[in-house]
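Coordinates as given in data-v3.cif (mmCIF, C-alpha atoms and all ligand atoms):
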data_data
loop_
_atom_site.label_atom_id
_atom_site.label_comp_id
_atom_site.auth_asym_id
_atom_site.auth_seq_id
_atom_site.Cartn_x
_atom_site.Cartn_y
_atom_site.Cartn_z
CA MET X 1 26.10 158.62 7.18
CA THR X 2 29.50 159.09 8.77
CA ILE X 3 32.15 160.41 6.42
CA TYR X 4 35.57 159.01 7.21
CA SER X 5 39.06 160.27 6.53
CA HIS X 6 42.40 158.51 6.35
CA SER X 7 43.41 160.00 9.70
CA ARG X 8 40.18 158.83 11.28
CA LEU X 9 40.79 155.25 10.08
CA GLU X 10 44.40 155.46 11.20
CA ALA X 11 43.32 156.64 14.66
CA PHE X 12 41.15 153.53 15.03
CA GLU X 13 43.95 151.25 13.84
CA ASN X 14 46.43 152.84 16.23
CA CYS X 15 44.20 152.86 19.30
CA PRO X 16 40.43 152.34 19.41
CA LEU X 17 40.15 154.27 22.70
CA MET X 18 41.90 157.32 21.26
CA TYR X 19 39.54 157.04 18.28
CA LYS X 20 36.57 157.07 20.64
CA PHE X 21 37.79 160.15 22.52
CA GLN X 22 38.44 162.02 19.31
CA TYR X 23 35.70 160.98 16.92
CA ILE X 24 32.82 159.63 19.00
CA ASP X 25 33.02 161.68 22.20
CA ARG X 26 34.42 164.58 20.14
CA ILE X 27 36.68 165.74 22.94
CA ARG X 28 38.79 168.68 21.84
CA SER X 29 42.32 168.76 23.17
CA LYS X 30 44.56 171.79 23.21
CA ARG X 31 47.67 169.61 23.28
CA GLU X 32 49.76 169.66 20.11
CA GLY X 33 52.94 167.66 19.53
CA ILE X 34 55.80 169.79 18.25
CA GLU X 35 56.23 167.58 15.20
CA GLY X 36 52.64 168.33 14.15
CA PHE X 37 53.08 172.02 14.98
CA MET X 38 56.21 172.22 12.83
CA GLY X 39 54.50 170.29 10.00
CA SER X 40 51.58 172.75 10.00
CA ARG X 41 53.94 175.75 9.76
CA VAL X 42 55.85 174.19 6.84
CA HIS X 43 52.58 173.31 5.08
CA GLU X 44 51.34 176.91 5.44
CA THR X 45 54.62 178.19 4.04
CA LEU X 46 54.54 175.96 0.98
CA GLU X 47 50.89 176.83 0.47
CA LYS X 48 51.86 180.52 0.46
CA LEU X 49 54.66 179.82 -2.03
CA TYR X 50 52.32 178.23 -4.59
CA THR X 51 49.43 180.63 -3.92
CA ASP X 52 51.73 183.60 -4.57
CA LEU X 53 53.04 181.92 -7.73
CA LYS X 54 49.46 181.62 -8.98
CA TYR X 55 49.21 185.41 -8.65
CA CYS X 56 52.55 185.83 -10.47
CA LYS X 57 54.29 186.89 -7.25
CA PRO X 58 57.34 184.69 -6.82
CA ASP X 59 58.64 184.69 -3.24
CA SER X 60 62.33 184.78 -2.42
CA GLU X 61 63.79 182.16 -0.11
CA GLU X 62 64.20 184.78 2.63
CA GLU X 63 60.60 185.96 2.30
CA LEU X 64 59.39 182.41 2.72
CA VAL X 65 61.62 181.74 5.71
CA ALA X 66 60.40 184.99 7.31
CA PHE X 67 56.80 183.86 6.72
CA TYR X 68 57.58 180.47 8.30
CA ASN X 69 59.16 182.06 11.38
CA SER X 70 56.42 184.62 11.89
CA GLY X 71 53.85 181.79 11.59
CA TRP X 72 55.81 179.88 14.22
CA ASP X 73 55.69 182.81 16.66
CA ARG X 74 52.09 183.74 15.90
CA ASN X 75 50.74 180.22 16.38
CA TRP X 76 52.90 179.17 19.31
CA HIS X 77 50.88 178.24 22.41
CA ASP X 78 51.52 176.77 25.84
CA CYS X 79 50.10 173.36 24.98
CA VAL X 80 52.74 172.51 22.35
CA PHE X 81 54.73 169.66 23.83
CA VAL X 82 58.08 168.05 23.02
CA VAL X 83 58.34 164.30 23.65
CA LYS X 84 62.00 163.78 22.80
CA GLU X 85 63.69 165.27 25.82
CA GLU X 86 67.07 165.61 24.14
CA TYR X 87 65.64 168.25 21.77
CA CYS X 88 64.00 171.60 22.42
CA ALA X 89 61.43 173.67 20.53
CA GLU X 90 64.21 175.72 18.93
CA ASN X 91 65.69 172.56 17.38
CA TYR X 92 62.36 171.84 15.73
CA ARG X 93 61.93 175.44 14.55
CA GLU X 94 65.33 175.29 12.88
CA MET X 95 64.59 171.91 11.37
CA GLY X 96 61.38 173.31 9.82
CA GLU X 97 63.30 176.31 8.51
CA ARG X 98 65.85 173.99 6.91
CA CYS X 99 62.99 172.04 5.29
CA VAL X 100 61.67 175.25 3.73
CA ARG X 101 65.11 176.34 2.50
CA GLU X 102 65.99 172.96 1.03
CA TYR X 103 62.62 172.61 -0.67
CA TYR X 104 63.01 176.09 -2.15
CA ARG X 105 66.50 175.39 -3.49
CA HIS X 106 65.51 171.95 -4.80
CA TYR X 107 62.43 173.05 -6.75
CA HIS X 108 63.13 176.67 -7.66
CA PRO X 109 61.81 178.09 -10.09
CA PHE X 110 58.80 175.81 -9.38
CA ASP X 111 57.99 175.08 -13.01
CA ASP X 112 57.31 171.34 -12.61
CA GLY X 113 53.75 171.70 -13.95
CA ARG X 114 50.62 173.68 -13.28
CA THR X 115 49.37 173.66 -9.72
CA LEU X 116 45.61 173.05 -9.82
CA TRP X 117 44.82 172.44 -6.17
CA LEU X 118 46.32 173.63 -2.91
CA GLU X 119 45.08 172.19 0.37
CA GLN X 120 41.97 171.12 -1.49
CA LYS X 121 39.26 169.02 0.12
CA VAL X 122 38.23 165.97 -1.92
CA VAL X 123 35.34 163.57 -1.57
CA ILE X 124 36.15 159.93 -2.21
CA PRO X 125 33.31 157.58 -3.12
CA LEU X 126 33.93 153.96 -2.15
CA ASP X 127 30.83 152.21 -3.48
CA PRO X 128 28.40 152.90 -6.35
CA GLU X 129 25.45 153.26 -3.94
CA GLY X 130 27.25 156.06 -2.07
CA ARG X 131 26.88 154.37 1.32
CA TYR X 132 30.57 154.72 2.11
CA ARG X 133 32.37 157.95 1.43
CA MET X 134 35.63 159.44 2.57
CA THR X 135 37.12 162.85 2.55
CA GLY X 136 40.66 164.16 2.53
CA VAL X 137 42.78 167.24 1.88
CA VAL X 138 45.25 167.15 -1.01
CA ASP X 139 48.35 169.25 -0.27
CA ARG X 140 48.97 170.02 -3.96
CA LEU X 141 47.69 168.66 -7.26
CA VAL X 142 49.87 169.27 -10.30
CA GLU X 143 48.86 168.89 -13.93
CA LYS X 144 51.89 167.77 -15.96
CA GLU X 145 49.97 167.66 -19.25
CA PRO X 146 46.27 167.26 -20.02
CA GLY X 147 45.03 164.18 -18.16
CA VAL X 148 48.36 163.52 -16.39
CA TYR X 149 48.37 164.46 -12.71
CA GLU X 150 50.61 164.30 -9.67
CA ILE X 151 49.33 164.30 -6.09
CA HIS X 152 51.99 165.91 -3.88
CA ASP X 153 52.08 165.38 -0.14
CA TYR X 154 54.49 167.03 2.32
CA LYS X 155 55.77 164.96 5.21
CA GLY X 156 57.71 166.31 8.17
CA SER X 157 58.50 162.83 9.47
CA GLY X 158 61.91 162.22 11.03
CA THR X 159 62.13 158.78 9.43
CA LEU X 160 62.15 157.83 5.78
CA PRO X 161 59.77 154.99 4.82
CA ASP X 162 60.80 152.21 2.49
CA GLN X 163 59.31 152.02 -0.99
CA TRP X 164 57.14 149.04 -0.05
CA LYS X 165 55.33 151.14 2.53
CA LEU X 166 54.57 153.84 -0.03
CA ASP X 167 53.45 151.28 -2.62
CA ASN X 168 50.90 150.20 -0.03
CA ASP X 169 50.08 153.63 1.37
CA ARG X 170 46.37 154.22 1.82
CA GLN X 171 46.20 158.00 2.13
CA LEU X 172 47.43 159.09 -1.29
CA ALA X 173 45.78 156.12 -3.01
CA LEU X 174 42.48 157.41 -1.61
CA TYR X 175 43.30 160.87 -2.92
CA HIS X 176 43.90 159.25 -6.31
CA LEU X 177 40.26 158.10 -6.19
CA GLY X 178 39.25 161.63 -5.18
CA VAL X 179 41.10 163.13 -8.16
CA GLU X 180 39.45 160.63 -10.54
CA GLN X 181 36.09 161.59 -9.10
CA ALA X 182 36.72 165.32 -9.49
CA LEU X 183 38.45 165.47 -12.87
CA PRO X 184 36.88 163.61 -15.79
CA ASP X 185 39.98 163.67 -18.05
CA VAL X 186 42.30 161.67 -15.74
CA ARG X 187 44.57 159.32 -17.70
CA GLU X 188 47.48 158.96 -15.32
CA VAL X 189 48.08 159.78 -11.66
CA SER X 190 51.38 159.69 -9.80
CA LEU X 191 51.63 159.82 -6.03
CA VAL X 192 54.51 161.98 -4.81
CA TRP X 193 55.73 162.30 -1.23
CA HIS X 194 58.16 165.03 -0.17
CA TYR X 195 60.05 163.88 2.90
CA LEU X 196 61.15 167.39 3.73
CA VAL X 197 63.51 166.60 6.60
CA PHE X 198 65.60 164.56 4.14
CA ASP X 199 64.92 166.72 1.06
CA LYS X 200 63.82 163.48 -0.56
CA GLU X 201 61.07 162.91 -3.10
CA MET X 202 59.50 159.44 -3.30
CA ARG X 203 56.91 158.22 -5.79
CA SER X 204 54.43 155.47 -6.41
CA ARG X 205 51.50 154.59 -8.70
CA ARG X 206 48.33 152.54 -8.36
CA THR X 207 46.67 150.23 -10.90
CA PRO X 208 42.86 150.23 -11.30
CA GLU X 209 42.83 146.75 -9.68
CA GLN X 210 44.74 148.03 -6.65
CA LEU X 211 42.29 150.90 -6.28
CA GLU X 212 39.34 148.49 -6.38
CA GLN X 213 40.99 146.33 -3.71
CA LEU X 214 41.64 149.43 -1.64
CA LYS X 215 37.95 150.38 -1.72
CA ASP X 216 36.99 146.90 -0.48
CA LYS X 217 39.57 147.02 2.30
CA VAL X 218 38.48 150.46 3.46
CA ILE X 219 34.78 149.52 3.40
CA SER X 220 35.59 146.45 5.48
CA LEU X 221 37.54 148.57 7.99
CA ILE X 222 34.65 151.05 8.23
CA GLN X 223 32.28 148.14 8.86
CA THR X 224 34.57 146.89 11.65
CA ILE X 225 34.62 150.35 13.21
CA GLU X 226 30.86 150.71 12.99
CA ALA X 227 30.32 147.26 14.52
CA SER X 228 32.69 147.97 17.43
CA GLU X 229 31.10 148.12 20.83
CA SER X 230 34.13 148.38 23.07
CA PHE X 231 36.99 150.70 22.27
CA GLU X 232 39.92 149.28 24.17
CA PRO X 233 43.18 151.19 24.67
CA ARG X 234 46.02 149.91 22.49
CA ALA X 235 49.14 151.13 24.20
CA GLY X 236 52.22 151.66 22.09
CA ILE X 237 54.88 154.11 21.07
CA LEU X 238 52.24 156.65 19.97
CA CYS X 239 50.92 157.02 23.54
CA GLU X 240 53.60 159.65 24.11
CA TRP X 241 51.93 161.82 21.48
CA CYS X 242 48.35 161.05 22.48
CA ASP X 243 46.07 164.04 23.01
CA PHE X 244 44.13 162.40 25.84
CA PRO X 245 46.63 161.37 28.53
CA GLU X 246 44.38 162.74 31.27
CA LEU X 247 41.53 160.44 30.22
CA CYS X 248 43.22 157.18 29.28
CA PRO X 249 43.60 154.54 32.02
CA HIS X 250 47.03 153.76 30.58
CA ARG X 251 48.42 157.29 31.03
CA LYS X 252 46.10 159.06 33.46
CA HIS X 253 48.09 158.53 36.65
CA LEU X 254 51.49 159.10 35.02
CA PHE X 255 50.24 162.33 33.53
CA ALA X 256 48.62 163.50 36.77
CA VAL X 257 51.72 163.05 38.95
CA GLU X 258 54.23 164.19 36.30
CA GLN X 259 53.89 167.85 37.16
CA LEU X 260 53.62 167.48 40.96
CA PRO X 261 56.34 169.00 43.15
CA PRO X 262 58.48 166.36 44.95
CA PRO X 263 56.64 166.36 48.34
CA GLU X 264 53.22 165.98 46.73
CA PHE X 265 54.58 163.40 44.33
CA LYS X 266 55.94 161.30 47.20
CA ALA X 267 52.66 161.65 49.14
CA ASP X 268 50.49 160.42 46.27
CA ASP X 269 48.74 157.12 47.14
CA GLY X 270 49.58 155.51 43.81
CA VAL X 271 53.25 156.50 44.03
CA GLN X 272 53.44 155.05 47.54
CA LEU X 273 51.84 151.74 46.51
CA VAL X 274 54.21 151.29 43.56
CA ASP X 275 57.22 152.22 45.69
CA ARG X 276 56.26 149.65 48.33
CA TYR X 277 55.62 146.98 45.70
CA ALA X 278 58.94 147.68 43.95
CA ALA X 279 60.83 147.63 47.27
CA LEU X 280 59.32 144.26 48.21
CA LYS X 281 60.04 142.78 44.78
CA GLU X 282 63.65 143.93 45.13
CA LYS X 283 63.83 142.41 48.61
CA LYS X 284 62.34 139.15 47.31
CA ALA X 285 64.93 138.94 44.51
CA LYS X 286 67.70 139.62 47.05
CA VAL X 287 66.37 136.98 49.45
CA GLU X 288 66.11 134.45 46.59
CA ALA X 289 69.73 135.13 45.61
CA GLU X 290 70.81 134.78 49.27
CA LEU X 291 68.88 131.50 49.59
CA GLU X 292 70.65 130.09 46.52
CA GLU X 293 74.02 131.07 47.95
CA LEU X 294 73.15 129.56 51.34
CA LYS X 295 72.00 126.35 49.66
CA GLY X 296 75.49 126.07 48.17
CA HIS X 297 77.10 126.52 51.61
CA ILE X 298 74.76 123.92 53.18
CA ASP X 299 75.60 121.47 50.39
CA GLU X 300 79.33 122.00 51.02
CA TYR X 301 78.82 121.60 54.77
CA CYS X 302 76.87 118.34 54.37
CA THR X 303 79.51 116.96 51.99
CA ALA X 304 82.36 117.89 54.34
CA MET X 305 80.58 116.53 57.43
CA LYS X 306 79.24 113.47 55.56
CA VAL X 307 75.67 114.14 56.82
CA ASP X 308 72.30 114.57 55.10
CA ARG X 309 70.36 116.08 58.07
CA VAL X 310 71.40 119.15 60.02
CA ARG X 311 69.85 120.41 63.26
CA GLY X 312 69.03 124.11 63.74
CA SER X 313 67.49 125.92 66.75
CA CYS X 314 63.91 125.19 65.73
CA ASN X 315 64.22 123.21 62.49
CA ILE X 316 65.89 120.17 61.00
CA LEU X 317 67.10 120.54 57.45
CA SER X 318 67.27 117.42 55.22
CA LEU X 319 69.33 117.28 52.07
CA SER X 320 68.70 114.77 49.30
CA ARG X 321 70.39 114.31 45.94
CA LYS X 322 69.06 112.79 42.77
CA GLU X 323 69.99 112.78 39.10
CA THR X 324 67.46 114.80 37.08
CA PRO X 325 67.33 114.65 33.27
CA ARG X 326 67.93 117.78 31.21
CA PHE X 327 66.03 117.84 27.92
CA PRO X 328 66.94 119.46 24.59
CA GLU X 329 65.68 123.03 24.19
CA ALA X 330 62.04 123.41 23.09
CA LYS X 331 61.69 123.69 19.29
CA SER X 332 65.32 122.61 18.70
CA PRO X 333 65.90 119.86 16.08
CA GLU X 334 67.03 117.52 18.90
CA ARG X 335 63.80 118.18 20.81
CA ARG X 336 61.73 117.43 17.71
CA ALA X 337 63.69 114.23 17.07
CA MET X 338 63.15 113.16 20.68
CA GLU X 339 59.41 113.87 20.47
CA ASP X 340 59.11 111.91 17.21
CA LEU X 341 60.90 109.00 18.80
CA ILE X 342 58.53 108.99 21.80
CA ARG X 343 55.55 108.99 19.46
CA THR X 344 57.05 106.12 17.45
CA LEU X 345 57.63 104.19 20.64
CA GLY X 346 53.93 104.65 21.45
CA HIS X 347 54.51 106.51 24.75
CA TRP X 348 53.37 109.97 23.74
CA ASP X 349 50.00 109.93 25.56
CA GLU X 350 51.69 108.75 28.79
CA VAL X 351 54.02 111.72 29.00
CA SER X 352 52.29 114.61 27.20
CA THR X 353 49.62 116.81 28.71
CA LEU X 354 47.47 119.59 27.37
CA SER X 355 49.06 123.02 27.72
CA THR X 356 46.29 124.93 29.47
CA PHE X 357 48.35 128.10 29.10
CA LYS X 358 48.41 127.74 25.31
CA LEU X 359 44.75 126.71 25.22
CA GLY X 360 43.71 129.75 27.26
CA LYS X 361 45.72 132.00 24.97
CA ALA X 362 44.24 130.48 21.80
CA VAL X 363 40.67 130.85 23.05
CA ALA X 364 41.12 134.31 24.59
CA CYS X 365 43.09 135.85 21.70
CA GLY X 366 40.74 134.66 18.95
CA ALA X 367 43.41 132.46 17.34
CA TRP X 368 40.81 129.75 16.76
CA SER X 369 37.61 130.01 14.73
CA GLU X 370 34.60 131.25 16.68
CA PHE X 371 32.99 127.81 16.32
CA ASP X 372 35.99 125.94 17.77
CA ALA X 373 36.44 128.46 20.59
CA THR X 374 32.75 128.25 21.54
CA GLN X 375 32.90 124.45 21.62
CA VAL X 376 35.82 124.52 24.06
CA ASP X 377 34.37 127.40 26.04
CA GLN X 378 31.62 125.20 27.54
CA PHE X 379 34.32 123.48 29.65
CA LEU X 380 35.90 126.69 30.90
CA ASN X 381 35.19 128.88 33.89
CA TRP X 382 36.41 132.41 33.42
CA GLU X 383 37.74 134.28 36.39
CA GLU X 384 39.51 137.60 36.58
CA THR X 385 43.18 137.52 37.50
CA VAL X 386 45.41 140.48 38.19
CA ALA X 387 48.92 140.66 36.76
CA LEU X 388 51.43 143.32 37.75
CA ARG X 389 54.53 144.23 35.78
CA LEU X 390 57.19 146.66 36.91
CA LYS X 391 59.17 148.75 34.45
CA LYS X 392 61.85 151.33 35.24
CA ALA X 393 60.56 154.89 34.93
CA GLU X 394 62.69 157.87 34.00
CA GLN X 395 64.19 159.55 37.07
CA ARG X 396 62.40 162.69 38.18
CA GLU X 397 64.45 165.75 38.97
CA GLU X 398 64.22 166.30 42.74
S1 LIG Y 401 47.45 157.02 25.79
FE1 LIG Y 401 47.82 155.33 24.38
S2 LIG Y 401 46.39 153.73 24.98
FE2 LIG Y 401 45.67 155.65 25.89
S3 LIG Y 401 44.20 156.47 24.46
FE3 LIG Y 401 46.14 157.38 23.99
S4 LIG Y 401 47.06 156.08 22.41
FE4 LIG Y 401 45.40 154.93 23.39
#

Translate this file's structure into structure tokens.
Amino acid sequence: MTIYSHSRLEAFENCPLMYKFQYIDRIRSKREGIEGFMGSRVHETLEKLYTDLKYCKPDSEEELVAFYNSGWDRNWHDCVFVVKEEYCAENYREMGERCVREYYRHYHPFDDGRTLWLEQKVVIPLDPEGRYRMTGVVDRLVEKEPGVYEIHDYKGSGTLPDQWKLDNDRQLALYHLGVEQALPDVREVSLVWHYLVFDKEMRSRRTPEQLEQLKDKVISLIQTIEASESFEPRAGILCEWCDFPELCPHRKHLFAVEQLPPPEFKADDGVQLVDRYAALKEKKAKVEAELEELKGHIDEYCTAMKVDRVRGSCNILSLSRKETPRFPEAKSPERRAMEDLIRTLGHWDEVSTLSTFKLGKAVACGAWSEFDATQVDQFLNWEETVALRLKKAEQREE
């Protein structure tokens, strides 16, 4: 039986291919985003704070900051990477230090309840038969009074979520189930997030009904994962932080040529193909603009000369004019009114045709039920087409 975690489920939701690299192929990457590196150092520091308190050894703010900084130096390695080019590692180190200081000042003397767990692993049962189980690590569990608990989670995120997101958050709700499983006297559980970068505490609660629904949803997601046969890449903003750029078809070439010196970069086959394609596209756009301009001049010439055919060295150019109707914009109220009128007049079938583009999209994207799609599929022949899309890349330093 595979035991899942919130991060494992999240990896699948974000990108099935990344999930495969990490959890099925079990590829270990040395790469570590600086945000995660900073988060780990802050977590260790807060863990030390509460561990020392348990042993009646309160730390001063300066002692904690020194611990944070020495952890930063001790753990630093060459594979920590910074995505946001406008910031450097030192900016992140300072930001983490500020998180520690502000947390210390906010919660000192740390008497908000009794800390029962620190970085504690929990097992979360999802069904009575024990077929589906999850695991997770609770940053800190606090007992406010007998049976009343708070699950605290530290976040180093640079953005603050809205309350709705937290009211629907899966991670801490799962930990709630883990706490109920571990402690028989649970009467009340609060979920508490510390958004350290903002020195902001946010809270939420779950009802028993919500927890039941959560179990069903998570079981259904696990079943989807286990039934998956192809793990397609799902490119998005998180690609920049992906641990497997050298393996993913979406990033592999970009990653490979990124570090090349200029001559080798220019000599790369892929770079040359894209450069040629981009140059031709640019030329095509220029030629199209020139043709439009020339068309205007020819029109003026024909009007001035009162002719509709003009002789060139090897060609004869004919010019014709006709009035063409312009229709109201698609989906506008006028367009709808016009379409209704045509239907009322009984001419709709004469002028409307099936949109094969929309049909292809509906069948290919699973917008229709499997039954409907299969019925239509018998009339279709599938063939592979290649689409190319150019996007400006950041300039390399030469
Ligand atoms: S680079 Fe993007 S698409 Fe590729 S595996 Fe990573 S997250 Fe997925």

Notebook entry, point to check: atom CA of Phe255 of chain X to atom CA of Ala235 of chain X: how many Å, to one decimal?
Noted result: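 Calculated distance between atom CA of Phe255 of chain X and atom CA of Ala235 of chain X is 14.6 Å.
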
Nearby residues (all atoms listed in the file) at most 6 Å from Val142 of chain X, same-chain spacing under 3 positions excluded, as a PDB file with C-alpha atoms, in the coordinates of the input:
ATOM      1  CA  GLY X 113      53.750 171.700 -13.950  1.00  0.00           C
ATOM      2  CA  ARG X 114      50.620 173.680 -13.280  1.00  0.00           C
ATOM      3  CA  THR X 115      49.370 173.660  -9.720  1.00  0.00           C
ATOM      4  CA  LEU X 116      45.610 173.050  -9.820  1.00  0.00           C
ATOM      5  CA  TYR X 149      48.370 164.460 -12.710  1.00  0.00           C
ATOM      6  CA  GLU X 150      50.610 164.300  -9.670  1.00  0.00           C
TER       7      GLU X 150
END

Would you mind listing, for every residue of chain X within 8 Å of ligand LIG 401 (chain Y), the two atoms forming the shortest contact and the distance between them in Å to one decimal, using only C-alpha atoms and all ligand atoms, sorted by chain and ascending residue number, as a tab-separated table?
residue	atom	partner	partner_atom	distance
X:Asn14	CA	Y:LIG401	S4	7.0
X:Cys15	CA	Y:LIG401	FE4	4.7
X:Pro16	CA	Y:LIG401	FE4	6.9
X:Leu17	CA	Y:LIG401	S3	4.9
X:Met18	CA	Y:LIG401	S3	4.0
X:Tyr19	CA	Y:LIG401	S3	7.8
X:Phe21	CA	Y:LIG401	S3	7.6
X:Glu232	CA	Y:LIG401	S2	7.9
X:Pro233	CA	Y:LIG401	S2	4.1
X:Arg234	CA	Y:LIG401	S2	4.6
X:Ala235	CA	Y:LIG401	S2	3.9
X:Gly236	CA	Y:LIG401	FE1	6.2
X:Ile237	CA	Y:LIG401	FE1	7.9
X:Leu238	CA	Y:LIG401	S4	5.8
X:Cys239	CA	Y:LIG401	FE1	3.6
X:Glu240	CA	Y:LIG401	S1	6.9
X:Trp241	CA	Y:LIG401	S4	7.6
X:Cys242	CA	Y:LIG401	FE3	4.5
X:Asp243	CA	Y:LIG401	FE3	6.7
X:Phe244	CA	Y:LIG401	FE3	5.7
X:Pro245	CA	Y:LIG401	S1	5.2
X:Leu247	CA	Y:LIG401	S3	7.5
X:Cys248	CA	Y:LIG401	FE2	4.5
X:Pro249	CA	Y:LIG401	FE2	6.6
X:His250	CA	Y:LIG401	FE2	5.2
X:Arg251	CA	Y:LIG401	S1	5.3

Margin query: With distances taken over only C-alpha atoms, which residue among X:Arg206, X:Lys200, X:Lys358, X:His6 lies nearest Tyr107 of chain X?
Written below: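 When distances to Tyr107 of chain X are compared using only C-alpha atoms, the smallest one comes from X:Lys200.
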
List as a compact mmCIF listing (two decimals) with C-alpha atoms, in the coordinates of the input the protein and nucleic acid residues near His108 of chain X, meaning an atom at most 10 Å away when all atoms listed in the file are counted, but skip any in the same chain fewer than 4 places from it.
# COMPACT_ATOMS: atom_id res chain seq x y z
CA PRO X 58 57.34 184.69 -6.82
CA SER X 60 62.33 184.78 -2.42
CA GLU X 61 63.79 182.16 -0.11
CA GLU X 102 65.99 172.96 1.03
CA TYR X 103 62.62 172.61 -0.67
CA TYR X 104 63.01 176.09 -2.15
CA ASP X 112 57.31 171.34 -12.61

Notebook entry, point to check: When distances are computed from only C-alpha atoms, which of X:Arg133, X:Arg8, X:Lys295, X:Arg140 shows the smallest separation from Lys48 of chain X?
Noted result: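 Comparing X:Arg133, X:Arg8, X:Lys295, X:Arg140 against Lys48 of chain X, the winner is X:Arg140.
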
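If you look at atom CA of Met134 of chain X and atom CA of Asp162 of chain X, they are 26.2 Å away from each other.
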
Next item on the list: Mind checking which residues fall within 12 Å of Glu85 of chain X, counting all atoms listed in the file, ignoring those fewer than 6 positions away in the same chain, and posting them as a PyMOL selection string?
Entry: chain X and resi 34+91+240+394

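For the choices X:Lys391, X:Ala367, X:Pro333, X:Leu211, the atom-to-atom distance to Lys281 of chain X is smallest for X:Lys391 when using only C-alpha atoms.
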
Item checked: Straight-line distance linking atom CA of Arg28 of chain X with atom CA of Cys79 of chain X, stated in Å to one decimal -> 12.6 Å

Next item on the list: Have a look at X:Gln272, X:His106, X:Gln120, X:Leu214 and name the one nearest to Glu201 of chain X; count only C-alpha atoms.
Entry: X:His106

Checklist line | Nearest-residue call for Lys30 of chain X, choices X:His77, X:Lys57, X:Lys284, X:His43, using all atoms listed in the file | finding: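 Closest to Lys30 of chain X, using all atoms listed in the file: X:His77.
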
Next item on the list: Find the residues near segment 67-69 of chain X: any atom within 12 Å, counting all atoms listed in the file, skip ones fewer than 3 places away on the same chain, and give them as a count of residues only.
Entry: 35

Next item on the list: Extract, using all atoms listed in the file, all DNA, RNA and protein residues at most 9 Å from segment 361-365 of chain X, discarding same-chain residues fewer than 6 positions from it, and format them as a PyMOL selection string.
Entry: chain X and resi 372-374+376-377

List the residues sitting within 7 Å of (65.9, 165.4, 8.8) in the file's frame, using all atoms listed in the file, as a short mmCIF file (atom, residue, chain, number, x, y, z; two decimals) with C-alpha atoms, in the coordinates of the input.
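Listing of point23.cif after writing:
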data_model
loop_
_atom_site.label_atom_id
_atom_site.label_comp_id
_atom_site.auth_asym_id
_atom_site.auth_seq_id
_atom_site.Cartn_x
_atom_site.Cartn_y
_atom_site.Cartn_z
CA GLY X 158 61.91 162.22 11.03
CA VAL X 197 63.51 166.60 6.60
CA PHE X 198 65.60 164.56 4.14
#

Your completed segment 91-102 of chain X with N, CA and C atoms, as a compact mmCIF listing (two decimals), in the coordinates of the input:
# COMPACT_ATOMS: atom_id res chain seq x y z
N ASN X 91 65.17 173.54 18.33
CA ASN X 91 65.69 172.56 17.38
C ASN X 91 64.67 172.27 16.28
N TYR X 92 63.42 172.15 16.70
CA TYR X 92 62.36 171.84 15.73
C TYR X 92 62.11 173.04 14.81
N ARG X 93 62.16 174.25 15.39
CA ARG X 93 61.93 175.44 14.55
C ARG X 93 62.99 175.50 13.45
N GLU X 94 64.23 175.25 13.87
CA GLU X 94 65.33 175.29 12.88
C GLU X 94 65.19 174.18 11.85
N MET X 95 64.74 173.03 12.31
CA MET X 95 64.59 171.91 11.37
C MET X 95 63.55 172.27 10.31
N GLY X 96 62.42 172.88 10.76
CA GLY X 96 61.38 173.31 9.82
C GLY X 96 61.93 174.36 8.85
N GLU X 97 62.73 175.27 9.37
CA GLU X 97 63.30 176.31 8.51
C GLU X 97 64.20 175.67 7.45
N ARG X 98 64.97 174.67 7.90
CA ARG X 98 65.85 173.99 6.91
C ARG X 98 65.01 173.27 5.85
N CYS X 99 63.88 172.69 6.27
CA CYS X 99 62.99 172.04 5.29
C CYS X 99 62.55 173.04 4.22
N VAL X 100 62.14 174.23 4.68
CA VAL X 100 61.67 175.25 3.73
C VAL X 100 62.80 175.65 2.77
N ARG X 101 63.98 175.91 3.34
CA ARG X 101 65.11 176.34 2.50
C ARG X 101 65.47 175.28 1.47
N GLU X 102 65.57 174.02 1.95
CA GLU X 102 65.99 172.96 1.03
C GLU X 102 64.94 172.72 -0.05
